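Visitor: This is model23.cif (mmCIF, C-alpha atoms and all ligand atoms).
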```cif
data_work
#
loop_
_atom_site.label_atom_id
_atom_site.label_comp_id
_atom_site.auth_asym_id
_atom_site.auth_seq_id
_atom_site.Cartn_x
_atom_site.Cartn_y
_atom_site.Cartn_z
CA MET A 1 -174.63 72.95 -35.22
CA LYS A 2 -171.20 72.34 -33.80
CA LYS A 3 -170.16 68.97 -32.50
CA LEU A 4 -169.03 68.90 -28.89
CA ILE A 5 -167.92 65.28 -28.96
CA ILE A 6 -167.11 62.98 -31.84
CA GLY A 7 -166.51 59.28 -31.39
CA ASP A 8 -164.98 57.82 -34.52
CA ASP A 9 -164.96 54.03 -34.95
CA ILE A 10 -164.29 53.45 -31.24
CA VAL A 11 -163.08 50.01 -30.23
CA LYS A 12 -162.79 49.10 -26.58
CA SER A 13 -161.81 45.62 -25.55
CA PHE A 14 -161.44 43.86 -22.26
CA GLY A 15 -159.64 40.65 -21.44
CA GLU A 16 -156.31 39.06 -22.34
CA GLY A 17 -155.07 37.28 -25.45
CA GLY A 18 -157.63 34.87 -26.90
CA GLU A 19 -160.15 35.89 -24.25
CA GLN A 20 -160.25 39.45 -25.58
CA ARG A 21 -163.66 40.81 -26.46
CA ASN A 22 -164.73 44.05 -28.09
CA VAL A 23 -167.19 45.67 -25.74
CA LEU A 24 -167.32 48.62 -28.14
CA ASP A 25 -167.01 47.24 -31.62
CA GLY A 26 -166.49 50.18 -33.98
CA VAL A 27 -168.88 52.77 -32.56
CA SER A 28 -169.17 56.08 -34.36
CA THR A 29 -171.25 58.76 -32.74
CA TYR A 30 -171.40 62.45 -31.85
CA ILE A 31 -173.04 64.90 -29.50
CA HIS A 32 -173.76 68.45 -30.58
CA GLU A 33 -173.10 71.39 -28.31
CA GLY A 34 -176.17 71.84 -26.12
CA GLU A 35 -177.80 68.64 -27.32
CA PHE A 36 -179.95 66.40 -25.10
CA VAL A 37 -179.41 62.74 -25.93
CA ALA A 38 -180.09 59.32 -24.45
CA VAL A 39 -178.42 55.97 -24.96
CA MET A 40 -180.54 52.85 -24.63
CA GLY A 41 -179.71 49.19 -25.01
CA PRO A 42 -179.79 45.89 -23.13
CA SER A 43 -177.69 45.40 -20.05
CA GLY A 44 -174.11 44.67 -21.09
CA SER A 45 -174.46 46.27 -24.54
CA GLY A 46 -171.68 48.78 -23.80
CA LYS A 47 -173.58 51.93 -22.79
CA SER A 48 -171.50 52.74 -19.71
CA THR A 49 -168.32 51.84 -21.54
CA LEU A 50 -169.28 54.27 -24.29
CA MET A 51 -169.89 57.01 -21.74
CA PHE A 52 -166.50 56.36 -20.15
CA ALA A 53 -164.85 56.46 -23.59
CA LEU A 54 -166.57 59.67 -24.72
CA SER A 55 -165.67 61.39 -21.46
CA GLY A 56 -162.04 60.31 -21.57
CA THR A 57 -162.51 58.45 -18.29
CA ASP A 58 -161.15 55.33 -20.01
CA GLY A 59 -158.87 55.13 -23.01
CA VAL A 60 -159.88 53.28 -26.17
CA ASN A 61 -158.16 50.48 -28.08
CA GLY A 62 -159.08 51.74 -31.52
CA GLY A 63 -160.61 54.75 -33.24
CA LYS A 64 -160.65 58.13 -31.57
CA VAL A 65 -162.61 60.50 -29.39
CA VAL A 66 -162.54 64.23 -30.07
CA PHE A 67 -163.84 66.63 -27.40
CA GLU A 68 -164.09 70.34 -28.25
CA ASP A 69 -161.78 69.79 -31.21
CA LYS A 70 -159.14 67.99 -29.14
CA ASP A 71 -158.22 64.38 -29.87
CA LEU A 72 -158.24 62.88 -26.37
CA SER A 73 -155.42 60.48 -27.24
CA THR A 74 -153.07 63.46 -27.61
CA LEU A 75 -153.71 64.65 -24.03
CA GLY A 76 -151.67 63.63 -21.00
CA GLU A 77 -153.27 62.27 -17.82
CA ASN A 78 -153.29 65.70 -16.14
CA GLU A 79 -154.73 67.50 -19.14
CA LEU A 80 -157.43 64.85 -19.41
CA ALA A 81 -158.24 65.11 -15.72
CA ASP A 82 -158.44 68.90 -16.00
CA MET A 83 -160.73 68.61 -18.99
CA ARG A 84 -163.07 66.24 -17.16
CA ARG A 85 -163.08 68.43 -14.07
CA THR A 86 -163.76 71.72 -15.83
CA LYS A 87 -165.83 70.72 -18.88
CA MET A 88 -167.79 67.68 -17.80
CA GLY A 89 -170.17 66.79 -15.01
CA PHE A 90 -171.07 63.24 -13.97
CA VAL A 91 -174.18 61.87 -12.33
CA PHE A 92 -174.54 58.19 -11.47
CA GLN A 93 -177.33 55.96 -10.20
CA GLN A 94 -176.17 56.55 -6.62
CA PRO A 95 -174.13 59.66 -5.90
CA THR A 96 -170.90 58.93 -4.05
CA MET A 97 -171.06 61.25 -1.08
CA LEU A 98 -169.31 61.31 2.27
CA LYS A 99 -171.44 60.29 5.24
CA ASN A 100 -169.73 62.63 7.71
CA LEU A 101 -170.38 65.78 5.65
CA ASN A 102 -173.64 67.60 5.16
CA ILE A 103 -175.25 68.09 1.75
CA LEU A 104 -173.73 71.52 1.12
CA ASP A 105 -170.21 70.39 2.04
CA ASN A 106 -170.53 67.33 -0.18
CA ILE A 107 -171.51 69.57 -3.11
CA ILE A 108 -168.65 72.01 -2.64
CA LEU A 109 -165.93 69.52 -1.66
CA PRO A 110 -164.44 68.88 -5.16
CA SER A 111 -164.41 72.61 -6.01
CA MET A 112 -162.84 73.48 -2.64
CA ARG A 113 -160.07 71.01 -3.28
CA ASP A 114 -159.33 72.84 -6.54
CA ASN A 115 -159.47 76.36 -5.26
CA ARG A 116 -159.76 76.93 -1.54
CA LYS A 117 -159.21 80.71 -1.87
CA ASN A 118 -162.48 81.00 -3.67
CA ALA A 119 -164.54 79.49 -0.83
CA ALA A 120 -167.12 82.28 -0.63
CA ASN A 121 -167.91 82.16 -4.34
CA ILE A 122 -167.99 78.38 -4.35
CA THR A 123 -170.45 78.34 -1.47
CA SER A 124 -172.74 80.91 -3.02
CA LYS A 125 -172.66 79.06 -6.34
CA ALA A 126 -173.65 75.84 -4.53
CA ARG A 127 -176.49 77.60 -2.74
CA GLU A 128 -177.77 79.05 -5.99
CA LEU A 129 -177.77 75.58 -7.60
CA MET A 130 -179.45 73.99 -4.58
CA LYS A 131 -182.17 76.61 -4.75
CA ARG A 132 -182.63 75.93 -8.42
CA VAL A 133 -183.17 72.19 -7.96
CA GLY A 134 -185.36 72.69 -4.89
CA ILE A 135 -183.09 71.50 -2.07
CA ALA A 136 -182.01 74.87 -0.63
CA GLU A 137 -183.43 74.11 2.80
CA LEU A 138 -181.49 70.84 3.07
CA GLU A 139 -177.95 72.17 3.08
CA LYS A 140 -177.24 71.27 6.71
CA ARG A 141 -178.75 67.80 6.49
CA ASN A 142 -176.64 64.72 6.62
CA ILE A 143 -176.85 62.64 3.45
CA THR A 144 -178.73 59.93 5.36
CA GLN A 145 -181.47 62.43 6.22
CA VAL A 146 -182.71 63.10 2.69
CA SER A 147 -184.61 61.07 0.11
CA GLY A 148 -183.02 59.33 -2.86
CA GLY A 149 -184.43 61.98 -5.20
CA GLN A 150 -183.05 64.79 -3.05
CA LEU A 151 -179.65 63.13 -2.94
CA GLN A 152 -179.66 62.83 -6.73
CA ARG A 153 -180.42 66.55 -6.96
CA ALA A 154 -177.45 67.24 -4.74
CA GLY A 155 -175.39 65.11 -7.11
CA ILE A 156 -176.59 67.26 -10.00
CA CYS A 157 -175.59 70.42 -8.13
CA ARG A 158 -172.12 68.98 -7.58
CA ALA A 159 -171.87 68.08 -11.28
CA LEU A 160 -172.84 71.64 -12.27
CA MET A 161 -170.41 73.50 -10.02
CA ASN A 162 -167.89 74.17 -12.80
CA ASN A 163 -170.46 75.09 -15.47
CA PRO A 164 -169.62 72.06 -17.62
CA SER A 165 -170.23 71.83 -21.38
CA ILE A 166 -171.89 68.47 -20.81
CA ILE A 167 -173.48 66.40 -18.08
CA PHE A 168 -173.10 62.64 -18.40
CA GLY A 169 -175.72 60.65 -16.50
CA ASP A 170 -175.38 56.88 -16.18
CA GLU A 171 -178.82 55.58 -15.18
CA PRO A 172 -179.32 58.70 -13.02
CA THR A 173 -182.99 57.87 -12.45
CA GLY A 174 -182.41 54.12 -12.09
CA ALA A 175 -182.98 54.04 -8.33
CA LEU A 176 -185.94 56.44 -8.26
CA ASN A 177 -189.69 55.94 -8.47
CA SER A 178 -191.34 57.22 -11.62
CA ILE A 179 -192.49 60.52 -10.10
CA SER A 180 -189.00 61.36 -8.78
CA ALA A 181 -187.56 60.24 -12.11
CA GLN A 182 -189.75 62.69 -14.01
CA GLU A 183 -188.88 65.47 -11.55
CA MET A 184 -185.25 64.70 -12.20
CA MET A 185 -185.91 64.90 -15.93
CA ASP A 186 -187.47 68.35 -15.40
CA ILE A 187 -184.14 69.39 -13.89
CA PHE A 188 -182.12 67.89 -16.75
CA SER A 189 -184.43 69.68 -19.22
CA GLU A 190 -183.82 72.99 -17.46
CA ILE A 191 -180.07 72.47 -17.41
CA ASN A 192 -180.23 71.65 -21.10
CA ALA A 193 -182.39 74.71 -21.83
CA ASP A 194 -179.56 76.78 -20.35
CA GLY A 195 -177.24 75.41 -23.04
CA THR A 196 -175.54 72.47 -21.34
CA ALA A 197 -175.42 69.26 -23.35
CA VAL A 198 -176.82 66.23 -21.52
CA MET A 199 -176.17 62.57 -22.30
CA LEU A 200 -178.17 60.03 -20.31
CA VAL A 201 -177.86 56.27 -20.29
CA THR A 202 -181.23 54.81 -19.42
CA HIS A 203 -183.44 51.71 -19.57
CA ASP A 204 -186.54 53.79 -19.16
CA ALA A 205 -188.52 54.81 -22.26
CA GLN A 206 -190.19 57.56 -20.18
CA VAL A 207 -186.79 59.05 -19.49
CA ALA A 208 -185.43 58.66 -23.00
CA ALA A 209 -188.61 60.21 -24.44
CA ARG A 210 -187.72 63.52 -22.78
CA THR A 211 -184.55 63.87 -24.87
CA GLU A 212 -184.18 64.94 -28.51
CA ARG A 213 -182.14 62.04 -29.86
CA ILE A 214 -181.90 58.46 -28.68
CA MET A 215 -179.07 56.15 -29.69
CA PHE A 216 -179.67 52.44 -29.45
CA MET A 217 -176.86 50.00 -28.76
CA ARG A 218 -176.64 46.24 -28.92
CA ASP A 219 -173.57 44.02 -28.51
CA GLY A 220 -171.15 46.94 -28.60
CA LYS A 221 -172.57 48.46 -31.77
CA MET A 222 -174.84 51.38 -32.58
CA VAL A 223 -177.92 49.80 -34.08
CA GLY A 224 -180.33 52.68 -34.42
CA GLU A 225 -181.28 56.23 -33.69
CA LEU A 226 -184.51 58.09 -33.02
CA LYS A 227 -184.85 61.85 -33.28
CA LEU A 228 -187.61 63.69 -31.47
CA PRO A 229 -188.54 67.37 -31.40
CA LYS A 230 -187.26 69.20 -28.33
CA PHE A 231 -189.60 68.42 -25.45
CA ALA A 232 -191.98 71.28 -24.79
CA GLY A 233 -194.05 69.76 -22.02
CA THR A 234 -196.58 68.10 -24.28
CA ASP A 235 -197.28 64.78 -26.00
CA MET A 236 -195.33 62.55 -23.61
CA ASP A 237 -197.54 59.59 -24.52
CA GLY A 238 -196.80 60.01 -28.21
CA ARG A 239 -193.08 60.35 -27.55
CA VAL A 240 -192.93 57.28 -25.31
CA LYS A 241 -194.83 55.31 -27.93
CA LYS A 242 -192.31 56.27 -30.60
CA VAL A 243 -189.48 55.08 -28.36
CA MET A 244 -191.22 51.76 -27.67
CA VAL A 245 -191.98 51.21 -31.36
CA LYS A 246 -188.34 51.86 -32.24
CA MET A 247 -187.14 49.51 -29.50
CA GLN A 248 -189.39 46.79 -30.82
CA GLU A 249 -188.28 47.44 -34.39
CA ILE A 250 -184.62 46.92 -33.55
CA GLY A 251 -185.34 44.17 -31.06
CA ILE A 252 -184.08 45.52 -27.76
P1 LIG B 301 -174.06 48.48 -20.06
O1 LIG B 301 -173.73 49.78 -19.42
O2 LIG B 301 -174.69 48.63 -21.41
O3 LIG B 301 -174.87 47.59 -19.19
P2 LIG B 301 -171.21 48.05 -19.89
O4 LIG B 301 -170.66 49.09 -20.78
O5 LIG B 301 -171.14 48.28 -18.43
O6 LIG B 301 -172.70 47.70 -20.33
O7 LIG B 301 -170.48 46.67 -20.16
C1 LIG B 301 -170.44 46.07 -21.42
C2 LIG B 301 -169.70 44.76 -21.32
O8 LIG B 301 -168.33 45.03 -21.00
C3 LIG B 301 -170.22 43.83 -20.24
O9 LIG B 301 -170.20 42.54 -20.74
C4 LIG B 301 -169.23 44.01 -19.12
O10 LIG B 301 -169.12 42.83 -18.38
C5 LIG B 301 -167.94 44.32 -19.85
N1 LIG B 301 -167.04 45.17 -19.08
C6 LIG B 301 -167.29 46.45 -18.71
N2 LIG B 301 -166.27 46.96 -18.02
C7 LIG B 301 -165.34 45.98 -17.91
C8 LIG B 301 -164.04 45.87 -17.29
N3 LIG B 301 -163.50 46.90 -16.65
N4 LIG B 301 -163.39 44.69 -17.41
C9 LIG B 301 -163.92 43.66 -18.09
N5 LIG B 301 -165.14 43.69 -18.69
C10 LIG B 301 -165.84 44.82 -18.60
MG MG B 302 -174.15 50.47 -17.52
#
```
Output the file's structure in the form of C-alpha cells.
Guide:
Amino acid sequence: MKKLIIGDDIVKSFGEGGEQRNVLDGVSTYIHEGEFVAVMGPSGSGKSTLMFALSGTDGVNGGKVVFEDKDLSTLGENELADMRRTKMGFVFQQPTMLKNLNILDNIILPSMRDNRKNAANITSKARELMKRVGIAELEKRNITQVSGGQLQRAGICRALMNNPSIIFGDEPTGALNSISAQEMMDIFSEINADGTAVMLVTHDAQVAARTERIMFMRDGKMVGELKLPKFAGTDMDGRVKKVMVKMQEIGI
C-alpha cells in the first residue's frame, strides 16, 4: 500500500522564548492512500494541531510532512494552497457557511471562485453529491432552515467538490446526536469505499470504531494504535469494545 501522507518526527511549538511548549512532540505517523483512520486523545493532546500539520495548513517547527511524495516544506504558499484546494477536503464540527446564500450556492462557492467558466459542471457536480448524501431536495433552503446533520452533509459535499485524495474531519460529528453521527459515518464510509482517504479526529468511540485504524495521542505524542478490519456493517459492539479497552489500556 502506498502512503499518501507521512509525518516524520513532527514538532510543533507555540509560545515565545522560555514559555515555548511542544504541542506536537516528535510525532511520526502516516496515512495510506484510501485509508480510513481516526485520531483520539484527550482535549488539548494535539489532535487538531496534527491535522493542521499533516494538511499543510500550518507549518511545523521540526521534522517533516510529505504529501503525495512532496515535502511540504519545499512548497511555496501558493503551491501549498493549491494542493489543499485540489487534493484535500475539510469538514469541521460546524461548517462555515454564508447565511445569505442557499445550501447549493454555499457548496459551489469555493469552486466557482476558482473557475467561473465551468459553472454548469460545478452545479451538476454539486447536485450529484447532494443527491448522494440525501439532501438533494434542500438546495434552495437557507442554511438556517436545515438541521445540523443536513448542514454537515452540505459541508461534506463542499469538501468533495474537487475529488480530493483525502477528507480531514475535525470532530465532524461532535455537534450531532448519536443517530445523526452514525448517519454521517455511513457517508464517510461510502466516500472511503470510493477510494478517498478519510482522517477523523473524534472523542467518540462509536465513531472511531467505524474506521480501520485508530491513533491515540496524549500530551503531543502518539501513544498507541488500534487496527480493525474494514467495517462491513457488522459487529459494531465488538469494535466499540475494542476501542474502549484500548483507551483504558493507555489511560485516555
Ligand atoms: P486537541 O485538538 O487535541 O484538543 P489542539 O491540537 O487543539 O488539541 O491543541 C493542543 C494544545 O496546543 C492545546 O494546549 C492548545 O491550547 C495549544 N494550541 C493550539 N493551537 C494554538 C495556537 N495557535 N497558539 C497557542 N497554543 C495553541
Ligand atoms: Mg481539537
Visitor: Atom C6 of ligand LIG 301 (chain B) and atom CA of A:Phe14, how far apart in Å?
Guide: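 One can read the atom CA of A:Phe14 to atom C6 of ligand LIG 301 (chain B) distance as 7.3 Å.
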Visitor: Collect all residues with atoms no farther than 10 Å from ligand LIG 301 (chain B), counting only C-alpha atoms and all ligand atoms, and output them as a PyMOL selection string.
Guide: chain A and resi 12-16+20-24+39-53+58+170-171+201-203+217-220
Visitor: Near A:Asp8, within 8 Å and counting all atoms listed in the file, which residues show up once chain neighbours fewer than 4 positions away are dropped, as a list in words?
Guide: Gly26, Val27, Ser28, Thr29, Gly63, Lys64 and Val65 of chain A
Visitor: Pick from A:Asp71, A:Leu226, A:Gly169, A:Cys157: nearest to A:Arg132, with all atoms listed in the file counted?
Guide: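 Among the listed residues, the smallest separation from A:Arg132 belongs to A:Cys157.
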Visitor: For the atom pair atom CA of A:Asp235 and atom CA of A:Val223, what is the interatomic distance in Å to one decimal place?
Guide: 25.8 Å
Visitor: Measure the distance from atom CA of A:Phe90 to atom CA of A:Pro172 in Å and round it to one decimal.
Guide: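 Here the two named atoms are 9.5 Å from each other.
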Visitor: Would you mind completing stretch 19-43 of chain A so that it carries N, CA, C and O atoms, and writing it out as an mmCIF file, in the frame of the given file?
Guide:
```
data_model
loop_
_atom_site.group_PDB
_atom_site.id
_atom_site.type_symbol
_atom_site.label_atom_id
_atom_site.label_comp_id
_atom_site.auth_asym_id
_atom_site.auth_seq_id
_atom_site.Cartn_x
_atom_site.Cartn_y
_atom_site.Cartn_z
ATOM 1 N N GLU A 19 -158.917 35.593 -24.990
ATOM 2 C CA GLU A 19 -160.150 35.890 -24.250
ATOM 3 C C GLU A 19 -160.660 37.303 -24.543
ATOM 4 O O GLU A 19 -161.684 37.709 -24.005
ATOM 5 N N GLN A 20 -159.904 38.043 -25.363
ATOM 6 C CA GLN A 20 -160.250 39.450 -25.580
ATOM 7 C C GLN A 20 -161.574 39.596 -26.324
ATOM 8 O O GLN A 20 -161.865 38.850 -27.242
ATOM 9 N N ARG A 21 -162.329 40.613 -25.896
ATOM 10 C CA ARG A 21 -163.660 40.810 -26.460
ATOM 11 C C ARG A 21 -163.883 42.300 -26.669
ATOM 12 O O ARG A 21 -163.531 43.102 -25.805
ATOM 13 N N ASN A 22 -164.441 42.642 -27.838
ATOM 14 C CA ASN A 22 -164.730 44.050 -28.090
ATOM 15 C C ASN A 22 -166.062 44.439 -27.468
ATOM 16 O O ASN A 22 -167.117 44.034 -27.951
ATOM 17 N N VAL A 23 -165.979 45.208 -26.414
ATOM 18 C CA VAL A 23 -167.190 45.670 -25.740
ATOM 19 C C VAL A 23 -167.777 46.862 -26.514
ATOM 20 O O VAL A 23 -168.991 47.054 -26.556
ATOM 21 N N LEU A 24 -166.890 47.646 -27.135
ATOM 22 C CA LEU A 24 -167.320 48.620 -28.140
ATOM 23 C C LEU A 24 -166.666 48.179 -29.442
ATOM 24 O O LEU A 24 -165.446 48.042 -29.520
ATOM 25 N N ASP A 25 -167.494 47.930 -30.434
ATOM 26 C CA ASP A 25 -167.010 47.240 -31.620
ATOM 27 C C ASP A 25 -167.150 48.136 -32.863
ATOM 28 O O ASP A 25 -167.950 47.864 -33.753
ATOM 29 N N GLY A 26 -166.422 49.263 -32.846
ATOM 30 C CA GLY A 26 -166.490 50.180 -33.980
ATOM 31 C C GLY A 26 -167.685 51.121 -33.869
ATOM 32 O O GLY A 26 -168.525 51.169 -34.766
ATOM 33 N N VAL A 27 -167.746 51.846 -32.775
ATOM 34 C CA VAL A 27 -168.880 52.770 -32.560
ATOM 35 C C VAL A 27 -168.514 54.173 -33.042
ATOM 36 O O VAL A 27 -167.522 54.754 -32.603
ATOM 37 N N SER A 28 -169.315 54.684 -33.942
ATOM 38 C CA SER A 28 -169.170 56.080 -34.360
ATOM 39 C C SER A 28 -170.396 56.849 -33.900
ATOM 40 O O SER A 28 -171.519 56.397 -34.119
ATOM 41 N N THR A 29 -170.133 57.976 -33.266
ATOM 42 C CA THR A 29 -171.250 58.760 -32.740
ATOM 43 C C THR A 29 -170.814 60.207 -32.530
ATOM 44 O O THR A 29 -169.659 60.551 -32.770
ATOM 45 N N TYR A 30 -171.730 61.038 -32.100
ATOM 46 C CA TYR A 30 -171.400 62.450 -31.850
ATOM 47 C C TYR A 30 -172.429 63.015 -30.893
ATOM 48 O O TYR A 30 -173.522 62.460 -30.745
ATOM 49 N N ILE A 31 -172.080 64.112 -30.281
ATOM 50 C CA ILE A 31 -173.040 64.900 -29.500
ATOM 51 C C ILE A 31 -172.816 66.359 -29.855
ATOM 52 O O ILE A 31 -171.681 66.849 -29.804
ATOM 53 N N HIS A 32 -173.870 67.018 -30.268
ATOM 54 C CA HIS A 32 -173.760 68.450 -30.580
ATOM 55 C C HIS A 32 -173.643 69.270 -29.300
ATOM 56 O O HIS A 32 -174.092 68.846 -28.237
ATOM 57 N N GLU A 33 -173.085 70.454 -29.435
ATOM 58 C CA GLU A 33 -173.100 71.390 -28.310
ATOM 59 C C GLU A 33 -174.552 71.629 -27.900
ATOM 60 O O GLU A 33 -175.411 71.856 -28.760
ATOM 61 N N GLY A 34 -174.823 71.550 -26.622
ATOM 62 C CA GLY A 34 -176.170 71.840 -26.120
ATOM 63 C C GLY A 34 -177.224 70.807 -26.440
ATOM 64 O O GLY A 34 -178.412 71.045 -26.196
ATOM 65 N N GLU A 35 -176.811 69.659 -26.942
ATOM 66 C CA GLU A 35 -177.800 68.640 -27.320
ATOM 67 C C GLU A 35 -178.231 67.822 -26.098
ATOM 68 O O GLU A 35 -177.506 67.721 -25.106
ATOM 69 N N PHE A 36 -179.408 67.237 -26.188
ATOM 70 C CA PHE A 36 -179.950 66.400 -25.100
ATOM 71 C C PHE A 36 -180.174 65.004 -25.688
ATOM 72 O O PHE A 36 -181.085 64.815 -26.490
ATOM 73 N N VAL A 37 -179.335 64.065 -25.314
ATOM 74 C CA VAL A 37 -179.410 62.740 -25.930
ATOM 75 C C VAL A 37 -179.516 61.636 -24.871
ATOM 76 O O VAL A 37 -179.144 61.823 -23.716
ATOM 77 N N ALA A 38 -180.027 60.512 -25.310
ATOM 78 C CA ALA A 38 -180.090 59.320 -24.450
ATOM 79 C C ALA A 38 -179.446 58.157 -25.175
ATOM 80 O O ALA A 38 -179.408 58.130 -26.408
ATOM 81 N N VAL A 39 -178.932 57.221 -24.401
ATOM 82 C CA VAL A 39 -178.420 55.970 -24.960
ATOM 83 C C VAL A 39 -179.199 54.835 -24.313
ATOM 84 O O VAL A 39 -179.277 54.758 -23.083
ATOM 85 N N MET A 40 -179.796 54.008 -25.145
ATOM 86 C CA MET A 40 -180.540 52.850 -24.630
ATOM 87 C C MET A 40 -179.929 51.578 -25.189
ATOM 88 O O MET A 40 -179.260 51.595 -26.220
ATOM 89 N N GLY A 41 -180.206 50.481 -24.526
ATOM 90 C CA GLY A 41 -179.710 49.190 -25.010
ATOM 91 C C GLY A 41 -179.757 48.199 -23.873
ATOM 92 O O GLY A 41 -179.806 48.593 -22.704
ATOM 93 N N PRO A 42 -179.731 46.901 -24.198
ATOM 94 C CA PRO A 42 -179.790 45.890 -23.130
ATOM 95 C C PRO A 42 -178.602 46.013 -22.183
ATOM 96 O O PRO A 42 -177.570 46.591 -22.539
ATOM 97 N N SER A 43 -178.767 45.452 -21.016
ATOM 98 C CA SER A 43 -177.690 45.400 -20.050
ATOM 99 C C SER A 43 -176.487 44.694 -20.679
ATOM 100 O O SER A 43 -176.646 43.674 -21.333
#
```
